[in-house]
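Next comes protein-v4.txt, with compact mmCIF, C-alpha atoms.
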# COMPACT_ATOMS: atom_id res chain seq x y z
CA MET A 1 -27.92 -59.80 34.31
CA ALA A 2 -25.87 -62.91 35.02
CA ALA A 3 -23.10 -64.45 37.06
CA GLN A 4 -19.78 -64.10 35.22
CA THR A 5 -17.27 -66.92 35.56
CA VAL A 6 -13.74 -66.63 34.21
CA LEU A 7 -11.61 -69.78 34.06
CA PHE A 8 -7.81 -69.90 33.85
CA ASP A 9 -5.80 -73.11 33.31
CA PHE A 10 -2.01 -73.51 33.44
CA THR A 11 0.22 -76.53 33.01
CA VAL A 12 3.54 -76.49 34.84
CA ASP A 13 6.27 -79.02 35.52
CA PRO A 14 4.81 -81.64 37.92
CA VAL A 15 8.13 -81.69 39.75
CA ARG A 16 7.31 -78.18 40.98
CA THR A 17 3.67 -78.78 41.91
CA SER A 18 4.50 -82.01 43.77
CA ASP A 19 6.93 -80.15 46.06
CA PRO A 20 5.23 -78.37 49.03
CA LYS A 21 7.66 -75.42 49.02
CA GLU A 22 7.33 -74.92 45.28
CA ARG A 23 3.55 -74.98 45.59
CA GLN A 24 3.69 -72.17 48.12
CA GLU A 25 5.89 -70.12 45.77
CA ILE A 26 3.42 -70.70 42.92
CA ALA A 27 0.56 -69.62 45.21
CA LYS A 28 2.44 -66.40 46.10
CA VAL A 29 2.91 -65.54 42.42
CA LEU A 30 -0.77 -66.13 41.71
CA ARG A 31 -1.82 -64.03 44.71
CA HIS A 32 0.48 -61.16 43.65
CA GLU A 33 -0.81 -61.08 40.08
CA LEU A 34 -4.43 -61.22 41.21
CA GLU A 35 -3.88 -58.36 43.67
CA CYS A 36 -2.70 -56.18 40.78
CA LEU A 37 -6.28 -56.33 39.48
CA PHE A 38 -8.06 -56.76 42.81
CA PRO A 39 -6.12 -54.67 45.37
CA GLN A 40 -8.52 -55.43 48.23
CA LEU A 41 -8.20 -59.18 47.82
CA GLU A 42 -8.40 -61.20 51.04
CA GLN A 43 -7.85 -64.89 51.67
CA GLN A 44 -10.91 -66.42 53.32
CA TYR A 45 -9.94 -70.08 53.39
CA GLN A 46 -7.08 -72.45 52.67
CA MET A 47 -7.55 -76.21 52.71
CA PRO A 48 -4.69 -78.35 54.03
CA MET A 49 -3.72 -80.82 51.28
CA ASP A 50 -0.91 -83.40 51.11
CA ASP A 51 -0.49 -83.30 47.35
CA GLY A 52 -1.95 -79.95 46.30
CA TYR A 53 -3.17 -76.50 47.26
CA PHE A 54 -6.63 -74.94 47.48
CA ALA A 55 -7.58 -71.44 48.62
CA VAL A 56 -10.59 -69.12 48.41
CA LEU A 57 -9.99 -65.39 47.97
CA THR A 58 -12.55 -62.58 47.90
CA GLU A 59 -12.76 -58.86 47.21
CA ASN A 60 -15.49 -56.98 49.06
CA LYS A 61 -17.23 -60.33 49.63
CA GLU A 62 -18.62 -60.06 46.09
CA THR A 63 -15.87 -61.33 43.83
CA ILE A 64 -14.86 -64.88 44.72
CA ILE A 65 -11.68 -66.47 43.39
CA THR A 66 -10.68 -70.08 43.94
CA VAL A 67 -7.10 -71.17 43.34
CA ARG A 68 -6.16 -74.82 42.98
CA ILE A 69 -2.73 -76.39 42.45
CA PHE A 70 -2.75 -80.06 41.54
CA GLY A 71 0.29 -82.17 42.28
CA GLN A 72 0.13 -83.52 38.73
CA GLY A 73 1.09 -80.15 37.24
CA LEU A 74 -2.24 -78.39 36.68
CA VAL A 75 -2.98 -74.95 38.12
CA THR A 76 -6.50 -73.47 37.91
CA ILE A 77 -8.07 -70.14 38.84
CA ASN A 78 -11.85 -69.71 38.86
CA LEU A 79 -13.16 -66.15 39.24
CA GLU A 80 -16.85 -65.42 39.73
CA TYR A 81 -18.96 -62.31 40.32
CA TYR A 82 -22.44 -61.02 39.58
CA LEU A 83 -22.86 -58.48 36.78
CA GLU A 84 -25.91 -56.23 36.79
CA ASP A 85 -27.42 -55.07 33.50
CA GLY A 86 -25.69 -51.96 32.19
CA LYS A 87 -22.60 -52.44 34.37
CA GLU A 88 -19.09 -52.96 32.99
CA GLN A 89 -17.33 -56.27 33.46
CA LEU A 90 -14.89 -56.41 36.35
CA LEU A 91 -12.53 -58.38 34.15
CA SER A 92 -12.79 -58.01 30.38
CA PHE A 93 -11.50 -60.73 28.09
CA ASP A 94 -8.53 -58.51 27.14
CA SER A 95 -7.71 -58.01 30.83
CA SER A 96 -8.06 -61.73 31.40
CA LYS A 97 -5.61 -62.45 28.59
CA ARG A 98 -3.10 -60.00 30.03
CA LEU A 99 -3.43 -61.65 33.44
CA GLU A 100 -2.97 -65.09 31.88
CA ASN A 101 0.10 -63.87 30.01
CA ASN A 102 1.66 -62.32 33.14
CA ILE A 103 1.13 -65.47 35.19
CA ALA A 104 2.47 -67.64 32.36
CA LYS A 105 5.69 -65.58 32.20
CA LYS A 106 6.21 -65.49 35.98
CA LEU A 107 5.59 -69.20 36.43
CA LYS A 108 7.31 -70.24 33.18
CA VAL A 109 4.38 -72.51 32.43
CA VAL A 110 4.28 -75.24 29.79
CA SER A 111 0.91 -73.92 28.56
CA GLY A 112 -1.84 -71.57 29.65
CA GLN A 113 -5.36 -70.60 28.64
CA VAL A 114 -8.17 -68.30 29.71
CA LEU A 115 -11.75 -68.68 28.46
CA PRO A 116 -14.11 -65.80 27.66
CA PRO A 117 -16.46 -65.15 30.59
CA LEU A 118 -19.13 -67.80 31.04
CA LYS A 119 -22.53 -66.22 31.66
CA ARG A 120 -25.05 -67.98 33.90
CA GLY A 121 -28.33 -66.52 35.01
CA ASP A 122 -31.66 -65.40 33.60
CA PHE A 123 -31.62 -67.80 30.62
CA ALA A 124 -29.41 -70.51 29.19
CA ARG A 125 -26.76 -69.75 26.61
CA TYR A 126 -24.90 -73.05 26.53
CA PHE A 127 -26.06 -76.32 25.00
CA PRO A 128 -24.19 -79.53 24.18
CA SER A 129 -23.07 -80.71 20.77
CA SER A 130 -23.90 -84.26 19.75
CA ASP A 131 -20.66 -85.51 21.31
CA GLU A 132 -21.28 -83.45 24.47
CA ARG A 133 -19.00 -80.49 23.87
CA ILE A 134 -20.26 -77.15 25.19
CA ILE A 135 -21.47 -74.66 22.57
CA GLU A 136 -22.24 -71.04 23.44
CA TYR A 137 -25.07 -69.44 21.49
CA ASP A 138 -25.73 -65.73 20.97
CA ILE A 139 -29.08 -66.00 22.74
CA ASP A 140 -30.54 -62.68 23.84
CA SER A 141 -33.97 -63.68 25.14
CA LEU A 142 -36.14 -66.52 26.36
CA VAL A 143 -39.27 -66.40 24.19
CA TYR A 144 -41.25 -69.29 25.68
CA GLU A 145 -40.86 -71.92 28.38
CA ALA A 146 -43.17 -74.65 29.65
CA ARG A 147 -43.18 -78.27 30.72
CA SER A 148 -45.47 -80.73 29.02
CA PRO A 149 -46.19 -84.21 30.39
CA PHE A 150 -43.34 -85.39 28.15
CA GLN A 151 -40.54 -82.82 28.19
CA LYS A 152 -39.24 -79.35 28.98
CA ILE A 153 -39.96 -76.97 26.09
CA GLN A 154 -38.10 -73.74 25.46
CA ILE A 155 -37.99 -71.35 22.54
CA MET A 156 -35.08 -68.95 22.63
CA HIS A 157 -34.04 -66.17 20.30
CA SER A 158 -30.58 -66.15 18.79
CA LYS A 159 -29.24 -63.04 17.07
CA THR A 160 -27.94 -65.07 14.12
CA LEU A 161 -30.17 -68.18 14.09
CA GLY A 162 -33.58 -66.71 14.88
CA ASN A 163 -35.96 -68.52 17.21
CA MET A 164 -34.72 -71.92 18.36
CA LEU A 165 -36.68 -74.89 19.73
CA ILE A 166 -34.95 -76.48 22.75
CA LEU A 167 -36.34 -79.74 24.16
CA ASP A 168 -34.92 -81.07 27.44
CA GLU A 169 -31.87 -78.81 27.08
CA LEU A 170 -31.10 -80.07 23.56
CA GLN A 171 -31.24 -77.87 20.45
CA ASN A 172 -33.84 -79.25 17.98
CA ILE A 173 -34.41 -76.77 15.18
CA ALA A 174 -34.12 -73.05 14.45
CA GLU A 175 -35.47 -70.66 11.86
CA SER A 176 -32.08 -70.93 10.12
CA ASP A 177 -32.27 -74.72 9.65
CA LEU A 178 -34.03 -75.32 6.33
CA ILE A 179 -31.00 -77.41 5.30
CA TYR A 180 -31.83 -79.87 8.09
CA THR A 181 -35.35 -80.46 6.81
CA GLU A 182 -34.29 -80.58 3.16
CA THR A 183 -31.55 -83.13 3.86
CA LEU A 184 -33.87 -85.27 5.99
CA MET A 185 -36.41 -85.42 3.15
CA GLY A 186 -33.80 -85.65 0.39
CA ARG A 187 -35.22 -82.74 -1.52
CA GLY A 188 -34.29 -83.02 -5.18
CA VAL A 189 -33.53 -86.73 -4.78
CA GLU A 190 -36.82 -88.22 -3.61
CA ASN A 191 -40.07 -87.77 -5.53
CA TYR A 192 -43.03 -87.23 -3.21
CA GLU A 193 -45.63 -86.28 -5.78
CA GLY A 194 -48.69 -88.49 -5.42
CA LYS A 195 -47.10 -90.47 -2.54
CA GLU A 196 -48.53 -91.49 0.82
CA ILE A 197 -46.35 -90.44 3.74
CA CYS A 198 -46.28 -91.00 7.49
CA ILE A 199 -44.29 -88.70 9.81
CA LEU A 200 -43.44 -90.05 13.26
CA GLY A 201 -42.95 -87.05 15.52
CA GLY A 202 -42.12 -83.84 13.69
CA GLY A 203 -43.86 -81.62 16.24
CA ASP A 204 -42.15 -78.45 15.01
CA GLY A 205 -44.14 -78.79 11.77
CA ALA A 206 -41.19 -77.99 9.49
CA LEU A 207 -41.04 -81.38 7.77
CA LEU A 208 -44.78 -81.49 7.11
CA TYR A 209 -44.74 -77.92 5.80
CA GLU A 210 -41.93 -78.66 3.33
CA LEU A 211 -43.36 -82.02 2.22
CA LEU A 212 -46.69 -80.43 1.31
CA LYS A 213 -44.84 -78.28 -1.24
CA GLU A 214 -43.96 -81.52 -3.08
CA LYS A 215 -47.63 -82.35 -3.88
CA PRO A 216 -47.98 -85.67 -2.02
CA LYS A 217 -51.21 -87.67 -2.14
CA PHE A 218 -51.56 -87.62 1.64
CA VAL A 219 -49.40 -87.06 4.73
CA VAL A 220 -50.32 -88.22 8.21
CA MET A 221 -48.24 -86.83 11.08
CA LEU A 222 -48.22 -88.53 14.48
CA GLU A 223 -47.05 -86.23 17.29
CA ILE A 224 -47.52 -86.92 20.98
CA ASP A 225 -46.82 -83.46 22.43
CA GLU A 226 -49.61 -80.95 21.91
CA LEU A 227 -47.72 -78.22 23.77
CA VAL A 228 -44.74 -78.41 21.39
CA MET A 229 -47.04 -77.86 18.43
CA GLN A 230 -48.79 -74.93 20.10
CA ALA A 231 -45.45 -73.27 20.89
CA CYS A 232 -44.02 -73.81 17.40
CA ASN A 233 -47.21 -72.61 15.75
CA LYS A 234 -46.90 -69.32 17.64
CA TYR A 235 -43.15 -68.73 17.67
CA LEU A 236 -41.73 -70.77 14.76
CA ASN A 237 -44.34 -70.26 12.06
CA SER A 238 -41.64 -69.12 9.64
CA ILE A 239 -40.62 -72.80 9.34
CA CYS A 240 -44.02 -74.47 9.75
CA GLY A 241 -46.42 -72.08 8.03
CA ASP A 242 -50.03 -72.65 9.09
CA VAL A 243 -50.02 -76.47 9.23
CA LEU A 244 -49.90 -76.56 13.04
CA GLU A 245 -52.75 -74.06 13.15
CA LYS A 246 -55.05 -75.92 10.76
CA ARG A 247 -54.00 -79.48 11.74
CA LYS A 248 -55.89 -80.91 8.75
CA GLY A 249 -56.21 -80.25 5.03
CA ASP A 250 -57.15 -81.95 1.78
CA ASN A 251 -53.89 -83.91 1.70
CA TYR A 252 -52.69 -84.01 5.32
CA GLU A 253 -53.75 -84.67 8.88
CA ILE A 254 -52.00 -84.22 12.22
CA ILE A 255 -52.94 -86.76 14.86
CA VAL A 256 -52.02 -86.08 18.49
CA GLY A 257 -51.04 -89.34 20.13
CA ASP A 258 -48.47 -92.08 20.63
CA CYS A 259 -47.03 -92.96 17.22
CA VAL A 260 -46.34 -96.57 18.24
CA GLU A 261 -49.99 -97.15 19.07
CA TYR A 262 -51.11 -95.63 15.78
CA MET A 263 -48.59 -97.71 13.85
CA LYS A 264 -50.03 -100.82 15.48
CA LYS A 265 -53.44 -99.69 14.25
CA PHE A 266 -52.10 -99.12 10.72
CA ILE A 267 -50.56 -102.61 10.77
CA ALA A 268 -53.87 -104.13 11.88
CA ASP A 269 -55.72 -102.20 9.17
CA GLY A 270 -53.17 -103.09 6.48
CA ARG A 271 -52.43 -99.43 5.78
CA LYS A 272 -49.18 -98.89 3.82
CA PHE A 273 -47.04 -95.84 3.02
CA ASP A 274 -44.48 -94.93 0.39
CA TYR A 275 -42.39 -93.08 2.96
CA VAL A 276 -42.11 -93.19 6.74
CA PHE A 277 -40.12 -90.45 8.48
CA GLY A 278 -38.59 -91.06 11.89
CA ASP A 279 -38.42 -87.48 13.18
CA LEU A 280 -38.13 -88.54 16.79
CA THR A 281 -35.24 -89.02 19.20
CA ASP A 282 -31.61 -88.81 18.12
CA ILE A 283 -29.46 -91.93 18.18
CA PRO A 284 -28.28 -92.25 21.82
CA ILE A 285 -24.67 -91.60 22.77
CA SER A 286 -23.76 -94.87 24.45
CA GLY A 287 -21.25 -97.68 24.39
CA ALA A 288 -23.85 -100.39 23.81
CA PRO A 289 -27.35 -100.54 22.24
CA ILE A 290 -29.14 -101.14 25.52
CA GLY A 291 -31.67 -99.17 27.54
CA GLU A 292 -35.08 -97.61 27.07
CA CYS A 293 -34.06 -95.29 24.24
CA TRP A 294 -32.49 -98.08 22.15
CA ASP A 295 -35.56 -100.26 22.78
CA PHE A 296 -37.73 -97.42 21.48
CA ILE A 297 -35.59 -97.05 18.34
CA ARG A 298 -35.84 -100.79 17.63
CA THR A 299 -39.61 -100.68 18.08
CA ILE A 300 -39.87 -97.74 15.67
CA LEU A 301 -37.75 -99.49 13.04
CA GLU A 302 -39.65 -102.78 13.27
CA HIS A 303 -43.08 -101.13 13.09
CA SER A 304 -42.06 -98.72 10.33
CA PHE A 305 -41.18 -101.51 7.90
CA LYS A 306 -44.49 -103.21 8.62
CA ILE A 307 -46.37 -100.15 7.34
CA LEU A 308 -44.07 -99.45 4.38
CA LYS A 309 -44.84 -100.60 0.87
CA PRO A 310 -42.29 -103.08 -0.58
CA ASP A 311 -40.54 -100.28 -2.48
CA GLY A 312 -40.98 -97.74 0.33
CA LYS A 313 -38.31 -95.90 2.32
CA TYR A 314 -37.71 -95.09 5.95
CA LEU A 315 -35.95 -91.72 6.33
CA THR A 316 -34.50 -90.48 9.61
CA HIS A 317 -31.86 -88.29 11.22
CA GLY A 318 -29.00 -89.95 13.03
CA ASN A 319 -26.64 -87.82 15.06
CA GLY A 320 -23.54 -85.69 14.63
CA THR A 321 -20.91 -87.21 12.34
CA SER A 322 -18.43 -87.03 15.23
CA CYS A 323 -20.46 -89.66 17.14
CA VAL A 324 -18.93 -92.52 15.16
CA GLU A 325 -19.46 -95.26 17.75
CA SER A 326 -23.16 -94.51 18.26
CA LEU A 327 -23.79 -94.29 14.51
CA GLU A 328 -22.12 -97.68 14.07
CA LEU A 329 -24.37 -99.11 16.79
CA PHE A 330 -27.41 -97.82 14.93
CA GLU A 331 -26.20 -99.36 11.68
CA GLU A 332 -25.72 -102.67 13.52
CA GLN A 333 -29.39 -102.49 14.53
CA LEU A 334 -30.33 -101.94 10.91
CA GLY A 335 -28.36 -105.06 10.04
CA LEU A 336 -30.43 -107.11 12.48
CA LEU A 337 -33.79 -106.19 10.94
CA LYS A 338 -35.85 -108.90 9.26
CA PRO A 339 -36.48 -108.84 6.41
CA LYS A 340 -33.06 -107.47 5.47
CA VAL A 341 -32.65 -103.78 4.69
CA LYS A 342 -30.07 -101.61 2.95
CA PHE A 343 -29.28 -97.99 3.62
CA THR A 344 -27.57 -94.90 2.29
CA THR A 345 -26.57 -91.77 4.17
CA SER A 346 -26.32 -88.05 3.53
CA LYS A 347 -24.72 -85.22 5.50
CA ALA A 348 -25.39 -81.57 6.14
CA PHE A 349 -23.94 -78.86 8.34
CA VAL A 350 -26.89 -77.67 10.41
CA PRO A 351 -26.51 -74.01 11.47
CA SER A 352 -28.11 -74.22 14.89
CA PHE A 353 -26.33 -77.50 15.71
CA MET A 354 -23.02 -75.89 14.70
CA GLU A 355 -21.89 -79.27 13.40
CA GLU A 356 -22.33 -81.77 10.60
CA TRP A 357 -25.27 -84.16 10.96
CA LEU A 358 -25.86 -87.60 9.41
CA PHE A 359 -29.16 -88.72 7.87
CA TYR A 360 -30.29 -92.22 6.84
CA GLN A 361 -32.35 -93.53 3.94
CA VAL A 362 -33.37 -97.14 4.60
CA SER A 363 -35.24 -99.56 2.30
CA LEU A 364 -35.77 -103.29 1.89
CA ALA A 365 -32.75 -105.10 0.45
Let me see the structure of the file written as structure tokens.
Amino acid sequence: MAAQTVLFDFTVDPVRTSDPKERQEIAKVLRHELECLFPQLEQQYQMPMDDGYFAVLTENKETIITVRIFGQGLVTINLEYYLEDGKEQLLSFDSSKRLENNIAKKLKVVSGQVLPPLKRGDFARYFPSSDERIIEYDIDSLVYEARSPFQKIQIMHSKTLGNMLILDELQNIAESDLIYTETLMGRGVENYEGKEICILGGGDGALLYELLKEKPKFVVMLEIDELVMQACNKYLNSICGDVLEKRKGDNYEIIVGDCVEYMKKFIADGRKFDYVFGDLTDIPISGAPIGECWDFIRTILEHSFKILKPDGKYLTHGNGTSCVESLELFEEQLGLLKPKVKFTTSKAFVPSFMEEWLFYQVSLA
């Protein structure tokens, strides 16, 4: 049950679309081809425009089609209707491709494209990549949804990825994403046996669960959002085991609270760790390292190295490898830390992100 939106784009010679008579001829062709599929099509509105064309067409007041001709050579058709469960699509993707092909031939376009129907309704299916491209997921149900004092929390089920944790409309982790956790912790590279570890964030419990398999001396996890942990404990226990249920064991403890405040306490107490994990916010997509999120990242970095042992490491996730500018900004911030640090990186294709992700390993120079 969802609204179906079908989008057509065509590029034609701007000489034609900038001429009022030619625009009317293009509009006639579009109307004719649409009427072949929608014989009861009626024009409801046409906007007077000096350098373009815009009209709204409907069939039975249920299917709405907007047609736009831009003077710069772009022609768009947006078709929208509501599809009830169990009903057939008014316009299948094959039919859409035939319509696109017919229009392209009649108009002798430079290029043309039609997208598969976009589905909007009972639950979200589209989420952004790290560089803000739209990704469609094969989500078939909304498992859980709530708002905590800190963020919107959703767990959705994907046919191929399993349950997925979505925070503030951003994909965080899915049952398919062991590679994410293993790359973050450098499994097979780092030796955690007998080590003291601090996790900043990590509310899904996956990192803690995997680290405990490496026989550390003790792990303390600092997570601010109780509701995230409750949701993941119930619906993502395949990746977190029972750690979010127990909250405390012989060699680990989960503390609910602001990690910055607890790090300040650790600094005051002189408590040191072999590893600190920054499993918090992604590196922001921005043109400059300014704003609340960048300030938070700088605070985390500065405090983390105050609670690390001299030979300790700070491990964190960065962002998608396509976000080159933002990653460079983060590395510039690393270069400003005092005392000086050095870093290495690793990469992994994360299934639920549908892209390659960059991870950092930072230590004192």
When you look at region 72-88 of chain A with a cut-off of 9 Å (counting all atoms listed in the file), what residues show up, excluding the ones that are within fewer than 4 positions of it in the same chain? I need them as an NGL selection string. :A and (1-18 or 30 or 51-52 or 62-68 or 92)
Please measure the separation of CA of Ala206 (chain A) and CA of Thr344 (chain A), giving the value in Å to one decimal.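 Interatomic distance, CA of Ala206 (chain A) to CA of Thr344 (chain A): 22.9 Å.
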Could you please determine the separation between CA of Lys264 (chain A) and CA of Gly291 (chain A) in Å, to one decimal place?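 We find that CA of Lys264 (chain A) and CA of Gly291 (chain A) lie 22.0 Å from each other.
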Residue contacts of Pro216 (chain A) (12 Å, all atoms listed in the file) excluding same-chain residues fewer than 6 positions away, as a list in words: Glu190, Asn191, Tyr192, Glu193, Gly194, Lys195, Glu196, Ile197, Cys198, Leu208, Tyr209, Glu210, Asp250, Asn251, Tyr252, Phe273, Asp274 and Tyr275 of chain A
Keeping only C-alpha atoms, write the selected residues as a PDB file, in the frame of the given file.
ATOM      1  CA  GLU A 190     -36.820 -88.220  -3.610  1.00  0.00           C
ATOM      2  CA  ASN A 191     -40.070 -87.770  -5.530  1.00  0.00           C
ATOM      3  CA  TYR A 192     -43.030 -87.230  -3.210  1.00  0.00           C
ATOM      4  CA  GLU A 193     -45.630 -86.280  -5.780  1.00  0.00           C
ATOM      5  CA  GLY A 194     -48.690 -88.490  -5.420  1.00  0.00           C
ATOM      6  CA  LYS A 195     -47.100 -90.470  -2.540  1.00  0.00           C
ATOM      7  CA  GLU A 196     -48.530 -91.490   0.820  1.00  0.00           C
ATOM      8  CA  ILE A 197     -46.350 -90.440   3.740  1.00  0.00           C
ATOM      9  CA  CYS A 198     -46.280 -91.000   7.490  1.00  0.00           C
ATOM     10  CA  LEU A 208     -44.780 -81.490   7.110  1.00  0.00           C
ATOM     11  CA  TYR A 209     -44.740 -77.920   5.800  1.00  0.00           C
ATOM     12  CA  GLU A 210     -41.930 -78.660   3.330  1.00  0.00           C
ATOM     13  CA  ASP A 250     -57.150 -81.950   1.780  1.00  0.00           C
ATOM     14  CA  ASN A 251     -53.890 -83.910   1.700  1.00  0.00           C
ATOM     15  CA  TYR A 252     -52.690 -84.010   5.320  1.00  0.00           C
ATOM     16  CA  PHE A 273     -47.040 -95.840   3.020  1.00  0.00           C
ATOM     17  CA  ASP A 274     -44.480 -94.930   0.390  1.00  0.00           C
ATOM     18  CA  TYR A 275     -42.390 -93.080   2.960  1.00  0.00           C
TER      19      TYR A 275
END
Rows by chain and residue number, region 155-201 of chain A within 9 Å of region 128-137 of chain A, shortest pair, all atoms listed in the file, as CSV:
residue,atom,partner,partner_atom,distance
A:Ser158,CA,A:Tyr137,CA,7.0
A:Lys159,CA,A:Tyr137,CA,8.8
A:Glu169,CA,A:Pro128,CA,8.2
A:Leu170,CA,A:Pro128,CA,7.0
A:Gln171,CA,A:Pro128,CA,8.1
Next, dump the selected residues to file, keeping only C-alpha atoms, as a PDB file, in the coordinates of the input.
ATOM      1  CA  SER A 158     -30.580 -66.150  18.790  1.00  0.00           C
ATOM      2  CA  LYS A 159     -29.240 -63.040  17.070  1.00  0.00           C
ATOM      3  CA  GLU A 169     -31.870 -78.810  27.080  1.00  0.00           C
ATOM      4  CA  LEU A 170     -31.100 -80.070  23.560  1.00  0.00           C
ATOM      5  CA  GLN A 171     -31.240 -77.870  20.450  1.00  0.00           C
TER       6      GLN A 171
END
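CA of Tyr360 (chain A) sits 25.4 Å away from CA of Val243 (chain A).
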Measuring atom to atom with only C-alpha atoms, identify which of A:Ile179, A:Thr299, A:Leu57, A:Ile26 is nearest to Val109 (chain A). A:Ile26
Identify the residues around (-7.0, -73.7, 52.7) within a radius of 12 Å, measuring from all atoms listed in the file in the coordinates stated by the file, and give them as an mmCIF file with C-alpha atoms, keeping the file's coordinate frame.
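So point-v2.cif came out as:
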data_model
loop_
_atom_site.group_PDB
_atom_site.id
_atom_site.type_symbol
_atom_site.label_atom_id
_atom_site.label_comp_id
_atom_site.auth_asym_id
_atom_site.auth_seq_id
_atom_site.Cartn_x
_atom_site.Cartn_y
_atom_site.Cartn_z
ATOM 1 C CA GLN A 24 3.690 -72.170 48.120
ATOM 2 C CA ALA A 27 0.560 -69.620 45.210
ATOM 3 C CA GLN A 43 -7.850 -64.890 51.670
ATOM 4 C CA GLN A 44 -10.910 -66.420 53.320
ATOM 5 C CA TYR A 45 -9.940 -70.080 53.390
ATOM 6 C CA GLN A 46 -7.080 -72.450 52.670
ATOM 7 C CA MET A 47 -7.550 -76.210 52.710
ATOM 8 C CA PRO A 48 -4.690 -78.350 54.030
ATOM 9 C CA MET A 49 -3.720 -80.820 51.280
ATOM 10 C CA ASP A 50 -0.910 -83.400 51.110
ATOM 11 C CA GLY A 52 -1.950 -79.950 46.300
ATOM 12 C CA TYR A 53 -3.170 -76.500 47.260
ATOM 13 C CA PHE A 54 -6.630 -74.940 47.480
ATOM 14 C CA ALA A 55 -7.580 -71.440 48.620
ATOM 15 C CA VAL A 56 -10.590 -69.120 48.410
ATOM 16 C CA LEU A 57 -9.990 -65.390 47.970
ATOM 17 C CA THR A 66 -10.680 -70.080 43.940
ATOM 18 C CA VAL A 67 -7.100 -71.170 43.340
ATOM 19 C CA ARG A 68 -6.160 -74.820 42.980
ATOM 20 C CA ILE A 69 -2.730 -76.390 42.450
#
Proximity to Leu200 (chain A) - best of A:Arg147, A:His317, A:Arg125, A:Arg120, only C-alpha atoms: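 So, comparing all the options, the nearest one is A:His317.
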Identify, on the basis of all atoms listed in the file, every residue whose closest approach to region 330-338 of chain A does not exceed 8 Å; exclude the query and any residue fewer than 6 positions from it along the same chain; express the result as a ChimeraX atom specification. /A:283,289,298,302
